[in-house]
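Enquirer: Contents of query11.cif (mmCIF, C-alpha atoms):
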data_coords
loop_
_atom_site.label_atom_id
_atom_site.label_comp_id
_atom_site.auth_asym_id
_atom_site.auth_seq_id
_atom_site.Cartn_x
_atom_site.Cartn_y
_atom_site.Cartn_z
CA MET W 1 -6.75 19.90 34.88
CA PRO W 2 -10.49 20.26 34.08
CA GLU W 3 -12.17 17.22 32.59
CA LEU W 4 -13.49 17.54 29.09
CA ASN W 5 -17.25 17.82 29.00
CA SER W 6 -17.55 15.82 25.82
CA THR W 7 -20.65 14.38 24.24
CA SER W 8 -21.22 11.75 21.62
CA SER W 9 -22.16 14.59 19.28
CA ASP W 10 -18.55 15.85 19.55
CA ARG W 11 -17.30 12.44 18.50
CA GLN W 12 -19.86 12.33 15.71
CA LYS W 13 -18.75 15.76 14.53
CA LEU W 14 -15.10 14.68 14.43
CA LYS W 15 -16.04 11.53 12.57
CA GLU W 16 -17.93 13.56 9.96
CA LEU W 17 -14.99 15.92 9.51
CA ILE W 18 -12.69 12.94 8.95
CA ILE W 19 -15.17 11.38 6.52
CA ASN W 20 -15.22 14.71 4.69
CA ALA W 21 -11.40 14.52 4.71
CA ASP W 22 -11.37 18.02 6.23
CA ARG W 23 -8.10 18.15 8.15
CA ASN W 24 -8.20 21.89 8.85
CA GLN W 25 -11.72 21.94 10.31
CA ALA W 26 -11.01 18.78 12.34
CA ASN W 27 -7.91 20.39 13.83
CA ALA W 28 -9.75 23.61 14.60
CA PHE W 29 -12.52 21.64 16.31
CA LEU W 30 -10.08 19.61 18.43
CA ASP W 31 -8.13 22.77 19.31
CA SER W 32 -11.33 24.35 20.59
CA LEU W 33 -11.97 21.31 22.81
CA ALA W 34 -8.37 21.22 24.06
CA VAL W 35 -8.72 24.81 25.30
CA GLN W 36 -11.38 23.55 27.72
CA SER W 37 -9.10 20.84 29.17
CA SER W 38 -5.96 19.47 27.47
CA TYR W 39 -4.84 17.73 24.31
CA MET W 40 -4.29 14.55 26.32
CA GLU W 41 -7.92 14.65 27.41
CA VAL W 42 -9.00 15.27 23.81
CA ILE W 43 -6.99 12.24 22.71
CA HIS W 44 -8.48 9.93 25.34
CA VAL W 45 -12.09 11.14 25.22
CA ILE W 46 -12.62 12.15 21.59
CA LEU W 47 -9.84 11.18 19.23
CA GLU W 48 -9.09 7.58 20.24
CA PRO W 49 -12.73 6.37 20.19
CA VAL W 50 -13.30 8.00 16.82
CA LEU W 51 -10.06 6.62 15.38
CA LEU W 52 -11.00 3.14 16.59
CA GLU W 53 -14.28 3.47 14.71
CA ILE W 54 -12.49 4.88 11.67
CA GLY W 55 -9.93 2.05 11.89
CA ASN W 56 -12.72 -0.51 11.77
CA MET W 57 -14.22 1.22 8.74
CA TRP W 58 -10.78 1.14 7.10
CA VAL W 59 -10.46 -2.59 7.70
CA LYS W 60 -13.90 -3.11 6.12
CA GLU W 61 -12.79 -0.97 3.15
CA GLU W 62 -15.54 1.56 3.87
CA LEU W 63 -13.14 4.50 3.68
CA SER W 64 -11.32 6.04 0.75
CA LEU W 65 -7.55 6.43 0.72
CA ALA W 66 -8.02 10.18 1.26
CA GLN W 67 -10.17 9.61 4.36
CA GLY W 68 -7.67 7.14 5.80
CA TYR W 69 -4.81 9.51 5.08
CA VAL W 70 -6.53 12.51 6.65
CA SER W 71 -7.44 10.56 9.80
CA GLY W 72 -3.77 9.65 10.23
CA LYS W 73 -2.67 13.24 9.69
CA ILE W 74 -5.20 14.54 12.22
CA ALA W 75 -3.83 12.07 14.77
CA GLU W 76 -0.29 13.16 13.91
CA ASP W 77 -1.26 16.85 14.27
CA VAL W 78 -2.86 16.32 17.70
CA PHE W 79 0.00 14.18 19.00
CA GLU W 80 2.47 16.84 17.84
CA LYS W 81 0.52 19.56 19.69
CA THR W 82 0.39 17.35 22.78
CA ILE W 83 4.16 16.97 22.71
CA GLN W 84 4.62 20.71 22.17
CA ALA W 85 2.33 21.41 25.13
CA GLY W 86 4.56 19.18 27.24
CA GLU W 87 1.66 16.89 28.13
CA PHE W 88 3.28 13.65 26.98
CA LYS W 89 6.25 14.28 29.25
CA LYS W 90 3.94 14.44 32.24
CA GLU W 91 2.13 11.24 31.38
CA ARG W 92 4.95 9.16 29.91
CA ALA W 93 8.25 10.00 31.53
CA ASN W 94 10.09 6.92 30.28
CA SER W 95 10.59 5.64 26.76
CA LYS W 96 9.46 2.09 26.14
CA GLY W 97 12.58 1.53 24.07
CA ALA W 98 13.57 1.37 20.43
CA VAL W 99 11.67 -0.31 17.63
CA VAL W 100 12.75 -0.71 14.02
CA MET W 101 10.12 -0.19 11.32
CA GLY W 102 10.12 -0.37 7.54
CA ASN W 103 8.49 -1.62 4.37
CA ILE W 104 9.80 -5.00 3.34
CA GLU W 105 11.92 -5.66 0.22
CA ASP W 106 10.04 -4.59 -2.95
CA ASP W 107 7.29 -2.80 -1.00
CA TYR W 108 6.90 0.95 -1.43
CA HIS W 109 3.48 1.64 0.11
CA GLU W 110 4.25 3.76 3.16
CA LEU W 111 0.93 5.20 4.29
CA GLY W 112 -0.03 2.43 6.72
CA LYS W 113 3.46 2.21 8.20
CA ARG W 114 3.57 5.96 8.76
CA MET W 115 0.26 5.84 10.59
CA VAL W 116 1.54 3.01 12.79
CA ILE W 117 4.67 5.03 13.55
CA THR W 118 2.53 8.00 14.63
CA PHE W 119 0.66 5.86 17.15
CA LEU W 120 3.79 4.08 18.41
CA ARG W 121 5.62 7.36 19.01
CA ALA W 122 2.60 8.71 20.83
CA ALA W 123 2.65 5.58 22.99
CA GLY W 124 6.26 6.20 24.01
CA TRP W 125 8.30 4.11 21.58
CA ASP W 126 11.47 5.43 19.94
CA VAL W 127 10.74 4.47 16.35
CA TYR W 128 13.50 4.13 13.75
CA ASP W 129 11.97 4.15 10.27
CA LEU W 130 14.26 2.41 7.77
CA GLY W 131 12.11 3.49 4.80
CA THR W 132 10.84 1.36 1.93
CA ASP W 133 12.23 -1.68 0.09
CA VAL W 134 14.25 -2.72 3.14
CA MET W 135 16.14 -6.03 3.04
CA ALA W 136 15.74 -8.56 5.85
CA GLU W 137 19.41 -8.33 6.79
CA GLU W 138 19.13 -4.57 7.32
CA PHE W 139 16.08 -4.92 9.57
CA VAL W 140 17.89 -7.33 11.85
CA ALA W 141 21.26 -5.56 11.79
CA ARG W 142 19.62 -2.26 12.79
CA ALA W 143 17.57 -3.93 15.52
CA ILE W 144 20.76 -5.41 17.00
CA GLU W 145 22.59 -2.08 16.72
CA LEU W 146 19.73 -0.17 18.39
CA ASN W 147 18.97 -2.89 20.93
CA ALA W 148 15.40 -2.92 19.64
CA PRO W 149 13.27 -5.80 20.95
CA ILE W 150 10.69 -5.55 18.14
CA ILE W 151 10.95 -5.23 14.37
CA GLY W 152 7.82 -3.92 12.61
CA VAL W 153 7.55 -4.89 8.96
CA SER W 154 4.91 -3.55 6.57
CA ALA W 155 3.75 -5.18 3.33
CA MET W 156 0.75 -4.30 1.22
CA MET W 157 0.49 -7.15 -1.26
CA TYR W 158 0.76 -10.92 -1.15
CA SER W 159 3.94 -10.99 -3.23
CA THR W 160 5.75 -8.61 -0.91
CA ALA W 161 4.22 -10.18 2.22
CA ASN W 162 6.12 -13.34 1.37
CA ASN W 163 9.37 -11.39 1.76
CA VAL W 164 8.55 -10.88 5.45
CA ARG W 165 9.49 -14.55 5.87
CA LYS W 166 13.09 -13.54 5.13
CA VAL W 167 13.11 -11.35 8.27
CA ARG W 168 11.89 -14.33 10.32
CA ASP W 169 14.67 -16.46 8.81
CA GLU W 170 17.30 -13.80 9.46
CA ILE W 171 16.21 -13.40 13.11
CA ASP W 172 16.39 -17.17 13.55
CA ALA W 173 19.73 -17.47 11.72
CA LYS W 174 21.22 -14.99 14.17
CA GLY W 175 19.90 -17.04 17.09
CA LEU W 176 17.59 -14.22 18.17
CA ARG W 177 14.21 -15.99 18.12
CA GLY W 178 12.33 -14.93 21.24
CA LYS W 179 14.76 -12.08 21.85
CA ILE W 180 13.73 -9.95 18.88
CA LEU W 181 10.05 -10.28 17.98
CA LEU W 182 8.55 -9.71 14.56
CA ALA W 183 5.40 -7.63 14.11
CA THR W 184 3.87 -7.36 10.68
CA GLY W 185 0.95 -5.60 9.08
CA GLY W 186 -0.57 -4.18 5.93
CA ALA W 187 -3.68 -4.57 3.83
CA VAL W 188 -2.98 -8.13 2.76
CA PHE W 189 -2.70 -9.37 6.36
CA ASN W 190 -6.18 -8.05 7.11
CA LEU W 191 -7.58 -9.75 4.04
CA ARG W 192 -5.66 -12.98 4.66
CA PRO W 193 -4.98 -13.33 8.41
CA GLU W 194 -3.43 -16.81 7.95
CA LEU W 195 -0.47 -15.08 6.29
CA VAL W 196 0.72 -13.75 9.65
CA HIS W 197 1.52 -17.29 10.72
CA GLU W 198 2.78 -18.34 7.28
CA VAL W 199 5.46 -15.64 7.19
CA GLY W 200 6.52 -16.45 10.75
CA ALA W 201 5.43 -13.20 12.35
CA ASP W 202 4.80 -13.00 16.09
CA GLY W 203 1.74 -10.79 15.72
CA THR W 204 -0.19 -8.17 13.81
CA ALA W 205 -2.65 -5.35 14.41
CA LYS W 206 -5.72 -4.76 12.30
CA SER W 207 -5.31 -1.02 12.24
CA ALA W 208 -2.70 1.56 13.19
CA ILE W 209 -4.43 2.58 16.40
CA ASN W 210 -4.20 -1.02 17.67
CA SER W 211 -0.45 -1.22 17.08
CA PRO W 212 0.70 0.13 20.51
CA GLN W 213 -1.34 -2.64 22.16
CA LEU W 214 0.36 -5.23 19.92
CA PHE W 215 3.84 -3.89 20.63
CA ASP W 216 3.16 -3.83 24.40
CA ARG W 217 1.97 -7.43 24.21
CA LEU W 218 5.05 -8.49 22.24
CA LEU W 219 7.37 -6.67 24.64
CA GLY W 220 5.86 -8.72 27.45
CA LYS W 221 6.81 -11.94 25.61
CA ILE W 222 10.53 -11.14 25.21
CA LYS W 223 12.66 -13.82 26.80
CA MET K 1 10.97 -10.66 -30.87
CA THR K 2 7.95 -12.46 -32.34
CA GLU K 3 5.52 -15.07 -31.03
CA LYS K 4 3.85 -17.60 -33.28
CA SER K 5 1.49 -19.91 -31.42
CA SER K 6 -2.23 -19.09 -31.20
CA LYS K 7 -3.34 -22.02 -28.99
CA ILE K 8 -3.42 -19.98 -25.82
CA GLU K 9 -5.78 -17.13 -24.86
CA GLY K 10 -5.02 -14.03 -22.85
CA VAL K 11 -6.87 -12.10 -20.16
CA SER K 12 -5.48 -8.68 -19.40
CA CYS K 13 -6.16 -5.58 -17.41
CA GLY K 14 -7.52 -2.92 -19.76
CA ILE K 15 -4.62 -0.69 -18.86
CA PHE K 16 -2.60 -2.59 -21.52
CA LYS K 17 -5.37 -2.82 -24.16
CA ARG K 18 -3.79 -0.36 -26.55
CA GLU K 19 -0.30 -1.81 -26.13
CA ILE K 20 -1.32 -5.46 -26.48
CA GLU K 21 -3.47 -4.69 -29.51
CA ALA K 22 -0.44 -2.97 -31.05
CA LEU K 23 1.70 -6.06 -30.43
CA VAL K 24 -0.97 -8.29 -31.97
CA GLY K 25 -1.54 -5.87 -34.86
CA SER K 26 2.17 -5.77 -35.68
CA GLY K 27 2.35 -9.57 -35.72
CA ARG K 28 4.76 -9.77 -32.77
CA LEU K 29 2.14 -11.53 -30.65
CA ASN K 30 -0.45 -14.09 -31.70
CA ILE K 31 -2.80 -14.54 -28.77
CA ALA K 32 -6.46 -13.49 -28.63
CA PHE K 33 -7.05 -11.30 -25.57
CA THR K 34 -10.03 -10.41 -23.41
CA PHE K 35 -9.67 -7.09 -21.60
CA ILE K 36 -11.19 -6.16 -18.24
CA THR K 37 -11.68 -2.52 -17.27
CA SER K 38 -8.70 -1.17 -15.34
CA MET K 39 -10.97 0.69 -12.92
CA LEU K 40 -11.66 -2.61 -11.14
CA HIS K 41 -8.12 -2.24 -9.76
CA MET K 42 -9.69 0.31 -7.42
CA VAL K 43 -12.20 -2.26 -6.11
CA PRO K 44 -10.21 -5.50 -5.59
CA ALA K 45 -13.23 -7.59 -4.51
CA GLN K 46 -15.04 -6.75 -7.75
CA LEU K 47 -11.90 -7.50 -9.75
CA GLU K 48 -11.69 -10.91 -8.06
CA GLU K 49 -15.34 -11.63 -8.96
CA LYS K 50 -14.87 -10.52 -12.55
CA LEU K 51 -11.76 -12.66 -12.97
CA LYS K 52 -13.54 -15.69 -11.52
CA LYS K 53 -16.28 -15.24 -14.11
CA THR K 54 -13.84 -14.67 -16.96
CA LEU K 55 -11.30 -17.42 -16.29
CA PRO K 56 -12.11 -21.08 -17.04
CA LYS K 57 -13.96 -22.76 -14.18
CA ARG K 58 -11.53 -25.67 -14.03
CA SER K 59 -8.30 -26.94 -15.55
CA GLY K 60 -8.32 -29.08 -18.67
CA GLY K 61 -9.85 -26.69 -21.20
CA ARG K 62 -8.60 -23.29 -22.25
CA LYS K 63 -5.16 -22.12 -21.19
CA ILE K 64 -4.78 -18.52 -20.14
CA VAL K 65 -1.97 -16.01 -19.99
CA LEU K 66 -2.98 -13.54 -17.27
CA VAL K 67 -1.62 -10.01 -17.65
CA TYR K 68 -2.11 -8.68 -14.15
CA GLY K 69 0.00 -7.72 -11.18
CA ASP K 70 -0.71 -8.76 -7.59
CA CYS K 71 -3.88 -6.64 -7.79
CA GLN K 72 -6.27 -8.58 -5.57
CA PRO K 73 -5.73 -11.01 -2.69
CA SER K 74 -6.44 -14.28 -4.50
CA MET K 75 -4.34 -13.50 -7.58
CA ILE K 76 -1.58 -15.84 -6.42
CA GLU K 77 -3.96 -18.83 -6.09
CA MET K 78 -5.55 -18.06 -9.45
CA SER K 79 -2.21 -17.97 -11.19
CA ALA K 80 -0.99 -21.13 -9.43
CA ARG K 81 -3.39 -23.23 -11.50
CA PRO K 82 -1.62 -25.30 -14.19
CA ASP K 83 -3.82 -23.85 -16.94
CA ILE K 84 -3.13 -20.23 -15.95
CA SER K 85 0.17 -18.41 -16.10
CA ARG K 86 0.52 -14.84 -14.85
CA VAL K 87 3.16 -12.47 -16.21
CA PHE K 88 6.02 -11.39 -13.95
CA GLY K 89 5.47 -8.19 -12.03
CA MET K 90 3.72 -7.02 -8.88
CA ASN K 91 1.87 -4.27 -10.75
CA CYS K 92 1.39 -2.92 -14.27
CA CYS K 93 4.37 -0.58 -13.99
CA GLU K 94 6.75 -3.39 -13.06
CA ILE K 95 5.27 -5.54 -15.85
CA ILE K 96 6.07 -2.96 -18.52
CA LEU K 97 9.33 -1.64 -17.02
CA GLY K 98 10.90 -4.80 -15.62
CA LYS K 99 11.99 -5.34 -12.03
CA ASN K 100 15.23 -3.35 -12.01
CA ARG K 101 14.04 -0.24 -13.82
CA TYR K 102 10.79 -0.19 -11.84
CA GLY K 103 12.63 -0.52 -8.53
CA GLN K 104 15.15 2.18 -9.39
CA LEU K 105 12.48 4.69 -10.44
CA ARG K 106 10.26 3.84 -7.47
CA ARG K 107 13.17 4.41 -5.10
CA GLU K 108 13.60 7.84 -6.73
CA GLY K 109 10.03 8.55 -5.64
CA ALA K 110 8.30 8.30 -9.02
CA PHE K 111 4.52 8.02 -9.20
CA PHE K 112 3.85 6.31 -12.52
CA LEU K 113 1.16 7.29 -14.99
CA LEU K 114 0.38 4.88 -17.78
CA PRO K 115 -1.50 6.31 -20.81
CA GLU K 116 -4.83 4.63 -20.06
CA TRP K 117 -4.91 5.73 -16.40
CA THR K 118 -3.83 9.23 -17.37
CA GLU K 119 -7.02 9.55 -19.42
CA LYS K 120 -9.04 8.51 -16.34
CA TRP K 121 -7.09 10.44 -13.72
CA LYS K 122 -10.08 12.34 -12.31
CA GLU K 123 -12.01 9.11 -11.81
CA VAL K 124 -9.00 7.56 -10.06
CA PHE K 125 -7.93 10.44 -7.82
CA GLN K 126 -11.24 12.09 -7.08
CA VAL K 127 -13.93 9.41 -7.28
CA HIS K 128 -12.09 6.28 -6.14
CA LEU K 129 -9.33 7.67 -3.91
CA GLY K 130 -11.49 10.56 -2.64
CA PHE K 131 -8.85 13.28 -2.92
CA ASN K 132 -9.47 16.98 -3.32
CA ARG K 133 -6.64 19.21 -4.51
CA GLU K 134 -5.43 20.07 -1.00
CA ASN K 135 -5.36 16.51 0.31
CA ALA K 136 -3.89 15.18 -2.91
CA ARG K 137 -1.05 17.68 -2.71
CA ASN K 138 -0.27 16.80 0.91
CA PHE K 139 -0.43 13.06 0.26
CA MET K 140 1.49 12.98 -3.00
CA LYS K 141 4.28 15.29 -1.79
CA GLU K 142 4.67 13.13 1.29
CA MET K 143 4.91 9.87 -0.68
CA HIS K 144 6.46 10.87 -4.02
CA THR K 145 8.89 13.27 -5.64
CA LYS K 146 7.55 13.40 -9.22
CA LEU K 147 4.97 12.13 -11.67
CA LEU K 148 6.43 9.96 -14.41
CA TYR K 149 4.35 9.42 -17.55
CA LEU K 150 5.31 6.21 -19.33
CA ASP K 151 5.00 7.06 -23.02
CA THR K 152 4.41 3.82 -24.90
CA GLY K 153 4.44 5.74 -28.19
CA LEU K 154 0.93 4.80 -29.31
CA ILE K 155 -0.82 8.12 -28.63
CA PRO K 156 0.54 11.67 -28.44
CA VAL K 157 1.79 12.59 -24.97
CA PRO K 158 -1.20 14.37 -23.31
CA TYR K 159 0.75 17.36 -22.02
CA LEU K 160 -2.31 19.40 -21.05
CA THR K 161 -3.71 16.54 -18.97
CA LEU K 162 -0.31 15.98 -17.34
CA GLU K 163 -0.20 19.66 -16.40
CA GLU K 164 -3.65 19.31 -14.83
CA ILE K 165 -2.56 16.25 -12.82
CA SER K 166 0.66 18.00 -11.85
CA ASP K 167 -1.30 20.98 -10.54
CA PHE K 168 -3.74 18.74 -8.66
CA CYS K 169 -0.99 16.67 -7.03
CA GLY K 170 1.55 19.46 -6.54
CA LEU K 171 4.33 17.44 -8.16
CA PRO K 172 6.38 18.08 -11.31
CA PHE K 173 5.93 15.66 -14.18
CA GLU K 174 8.39 14.01 -16.53
CA THR K 175 7.80 11.75 -19.50
CA MET K 176 9.79 8.64 -20.34
CA LYS K 177 9.65 6.65 -23.56
CA VAL K 178 8.96 2.97 -22.94
CA ASP K 179 9.02 0.38 -25.71
CA LEU K 180 6.83 -2.71 -25.61
CA ASP K 181 9.66 -5.27 -25.54
CA GLN K 182 9.44 -5.90 -21.79
CA LEU K 183 5.65 -6.33 -21.92
CA LEU K 184 5.98 -8.73 -24.86
CA LYS K 185 8.72 -10.68 -23.07
CA ALA K 186 6.56 -10.96 -19.95
CA ILE K 187 3.65 -12.35 -21.99
CA ILE K 188 5.81 -14.79 -23.95
CA ASP K 189 7.56 -16.01 -20.78
CA ALA K 190 4.14 -16.68 -19.22
CA LYS K 191 2.99 -18.47 -22.37
CA ASN K 192 6.11 -20.62 -22.45
CA GLU K 193 5.48 -21.59 -18.84
CA LEU K 194 2.06 -22.89 -19.90
CA ALA K 195 3.66 -24.88 -22.69
CA GLU K 196 6.11 -26.43 -20.19
CA ASN K 197 3.17 -27.47 -17.99
CA GLN K 198 1.57 -29.47 -20.83
#
The structure given in the file should be rewritten as structure tokens.

Expert:
Amino acid sequence: MPELNSTSSDRQKLKELIINADRNQANAFLDSLAVQSSYMEVIHVILEPVLLEIGNMWVKEELSLAQGYVSGKIAEDVFEKTIQAGEFKKERANSKGAVVMGNIEDDYHELGKRMVITFLRAAGWDVYDLGTDVMAEEFVARAIELNAPIIGVSAMMYSTANNVRKVRDEIDAKGLRGKILLATGGAVFNLRPELVHEVGADGTAKSAINSPQLFDRLLGKIK
Amino acid sequence: MTEKSSKIEGVSCGIFKREIEALVGSGRLNIAFTFITSMLHMVPAQLEEKLKKTLPKRSGGRKIVLVYGDCQPSMIEMSARPDISRVFGMNCCEIILGKNRYGQLRREGAFFLLPEWTEKWKEVFQVHLGFNRENARNFMKEMHTKLLYLDTGLIPVPYLTLEEISDFCGLPFETMKVDLDQLLKAIIDAKNELAENQ
């Protein structure tokens, strides 16, 4: 497979297309680069560095909702093409296992969770999305049923973040502390990092692109 | 339902200005309110600053009913003060609809439009959220099933504007009549909580 002859100007161009929220042009540009090598190469050399930068801008609230949304969709589009081209199968033959994801009780803001799911699936996780307004009992019951070692819970606001504590309590009540780990995330956890500890979560990621790293780290801690 | 005391002041998001003024004007509510522009909801840090300037610096003086949802990260601390009581609800839609009706409609995929925001929809969707028609349609169809205009009965339903928003977002719209009883109850409950803290 030829290596992609990429320059920082390619990354800059992709960044500008994302900032302009131009999904179609961004896809066309990445397609043209993939023809020279592969989608996997495009992901590693162009997309991931740009998304890291975009993720940092998102955390600093320097991006609009539309820009954040489009960046997630571009990632989703490229990962989908990579799967269709059979490139993921070559690189990641084995699934890392099941994870259960959802928005906590009373939370309906799905964008961030969907972006996390995109990156987790691309990283080899079998993600089961339970949807929005999910009760703690359902998170844990589904994790047990699917033999999932990690539950990912999303909350956008302080009031709903407090409900994540119920998942911690349910995991503990079932005697599964250390066997099922709790990942959490959402805007409020970036603004108030101390909340991660307060709700009893085992970890968080600042942006969607960092979530596979978090889940790998948590998997390594399972007793 | 009526409310008689005037010892307590109110600070509210401007999204409820028309509705609260109607409650005060009809004599069902007797609290003097200060309103803060609803567009600060789009910039939580600026909303936090504005609230800090508007609310009393310390306990012991004025008592405030705060008509806000969980709109910025320090709202919980602000409303934990003994001289401040925030109405129930995580956002303006839950405040005016109540928990059960809000949850049911949200689970159906509704995207709520209150009258004041409807008038400012271009500022919200295009300027603050950064959407063009194509991105808005993709995003809204992915996250919602319909637009739901909450008609509080104080202005005519702006059908032409709703059609414009519907076209921009690619979603059908419905209207639903909403009386002000739940909003009034939320404010009176918050006021009573202040009285209990005395």

Enquirer: With the file shown as input, list the residues that the PyMOL selection byres ((chain K) within 7 of (chain W)) selects, as a PyMOL selection string.

Expert: chain K and resi 70+73+90+128-131+135

Enquirer: Taking only C-alpha atoms into account, which of W:Asp216, W:Ala148, W:Ala143, W:Lys60 comes nearest W:Asn190?

Expert: W:Lys60

Enquirer: Figure out the distance between atom CA of W:Leu176 and atom CA of W:Phe119, please, to one decimal in Å.

Expert: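 Spanning atom CA of W:Phe119 to atom CA of W:Leu176 is a straight-line distance of 26.3 Å.
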
Enquirer: Could you jot down the atom CA of K:Gly69 to atom CA of W:Met57 separation for me, Å, one decimal place?

Expert: 26.1 Å

Enquirer: Once you add 5 Å to each side, what are the centre and edge lengths of the axis-aligned box holding all listed atoms of stretch 4-22 of chain W? One decimal in Å, as JSON, if you can.

Expert:
{"center_x": -16.8, "center_y": 14.7, "center_z": 16.9, "size_x": 20.8, "size_y": 16.6, "size_z": 34.4}

Enquirer: Residues picked by the PyMOL selection byres ((chain W and resi 135-140) around 9) here, as a count of residues only?

Expert: 29

Enquirer: Report, in Å with one decimal, the straight-line distance from atom CA of K:Ser12 to atom CA of K:Glu196.

Expert: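 Separating atom CA of K:Ser12 from atom CA of K:Glu196 is a distance of 21.2 Å.
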
Enquirer: Quick one: residues within 8 Å of K:Gln72, all atoms listed in the file, excluding same-chain residues fewer than 5 positions away - as a PyMOL selection string?

Expert: chain K and resi 41+44-45+47-48

Enquirer: For this structure, which residues satisfy the selection - the PyMOL selection byres ((chain W and resi 30) around 9) - when it is evaluated on the file as given? I want them as a compact mmCIF listing (two decimals) with C-alpha atoms, in the frame of the given file.

Expert:
# COMPACT_ATOMS: atom_id res chain seq x y z
CA LEU W 14 -15.10 14.68 14.43
CA GLN W 25 -11.72 21.94 10.31
CA ALA W 26 -11.01 18.78 12.34
CA ASN W 27 -7.91 20.39 13.83
CA ALA W 28 -9.75 23.61 14.60
CA PHE W 29 -12.52 21.64 16.31
CA ASP W 31 -8.13 22.77 19.31
CA SER W 32 -11.33 24.35 20.59
CA LEU W 33 -11.97 21.31 22.81
CA ALA W 34 -8.37 21.22 24.06
CA VAL W 35 -8.72 24.81 25.30
CA TYR W 39 -4.84 17.73 24.31
CA VAL W 42 -9.00 15.27 23.81
CA ILE W 46 -12.62 12.15 21.59
CA LEU W 47 -9.84 11.18 19.23
CA VAL W 78 -2.86 16.32 17.70

Enquirer: Quick one: everything within 7 Å of K:Thr175, counting all atoms listed in the file, minus sequence neighbours fewer than 3 positions away in the same chain. Send it as JSON, numbers by chain.

Expert: {"K": [148, 149, 150, 151]}

Enquirer: Excluding stretch 153-168 of chain K and its own-chain neighbours fewer than 6 positions away, which residues fall within 9 Å of it when counting only C-alpha atoms? Please give them as number ranges by chain.

Expert: K: 18-19, 22, 115, 118-119, 121-122, 132-134, 136-137, 146-147, 174-175, 177-179

Enquirer: What's around K:Ile95 at 10 Å? Count only C-alpha atoms, leave out sequence neighbours fewer than 2 positions away in its own chain, and write the answer as a PyMOL selection string.

Expert: chain K and resi 67-69+87-93+97-99+102+182-187

Enquirer: For K:Val124, which residue among K:Glu21, K:Ser79, K:Met42, K:Arg28 is the nearest when counting all atoms listed in the file?

Expert: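 Of the candidates, the smallest distance to K:Val124 is held by K:Met42.
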
Enquirer: Around (-6.9, -22.5, -20.7), as given in the file, which residues come within 10 Å? Count all atoms listed in the file and list them as a list of chain:residue names.

Expert: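 Protein and nucleic acid residues near the point are K:Lys7, K:Ile8, K:Glu9, K:Gly10, K:Leu55, K:Pro56, K:Lys57, K:Arg58, K:Ser59, K:Gly60, K:Gly61, K:Arg62, K:Lys63, K:Ile64, K:Val65, K:Arg81, K:Pro82, K:Asp83, K:Ile84, K:Ser85, K:Leu194.
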
Enquirer: Which one of W:Lys179, W:Gly72, W:Val59, W:Pro193 sits closest to W:Gly220 if you count all atoms listed in the file?

Expert: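 Of all the options, W:Lys179 lies closest to W:Gly220.
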
Enquirer: From the set K:Leu66, K:Ile76, K:Cys71, K:Leu105, which residue has the shortest atom-to-atom contact distance to K:Asp189, counting only C-alpha atoms?

Expert: K:Leu66

Enquirer: Skip W:Ile117 itself and residues of its chain fewer than 6 positions away, then list as an mmCIF file with C-alpha atoms, keeping the file's coordinate frame all residues within 9 Å of it, counting all atoms listed in the file.

Expert:
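Okay, this is what ended up in result.cif:
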data_model
loop_
_atom_site.group_PDB
_atom_site.id
_atom_site.type_symbol
_atom_site.label_atom_id
_atom_site.label_comp_id
_atom_site.auth_asym_id
_atom_site.auth_seq_id
_atom_site.Cartn_x
_atom_site.Cartn_y
_atom_site.Cartn_z
ATOM 1 C CA MET W 101 10.120 -0.190 11.320
ATOM 2 C CA TRP W 125 8.300 4.110 21.580
ATOM 3 C CA VAL W 127 10.740 4.470 16.350
ATOM 4 C CA TYR W 128 13.500 4.130 13.750
ATOM 5 C CA ASP W 129 11.970 4.150 10.270
ATOM 6 C CA ALA W 208 -2.700 1.560 13.190
ATOM 7 C CA SER W 211 -0.450 -1.220 17.080
#
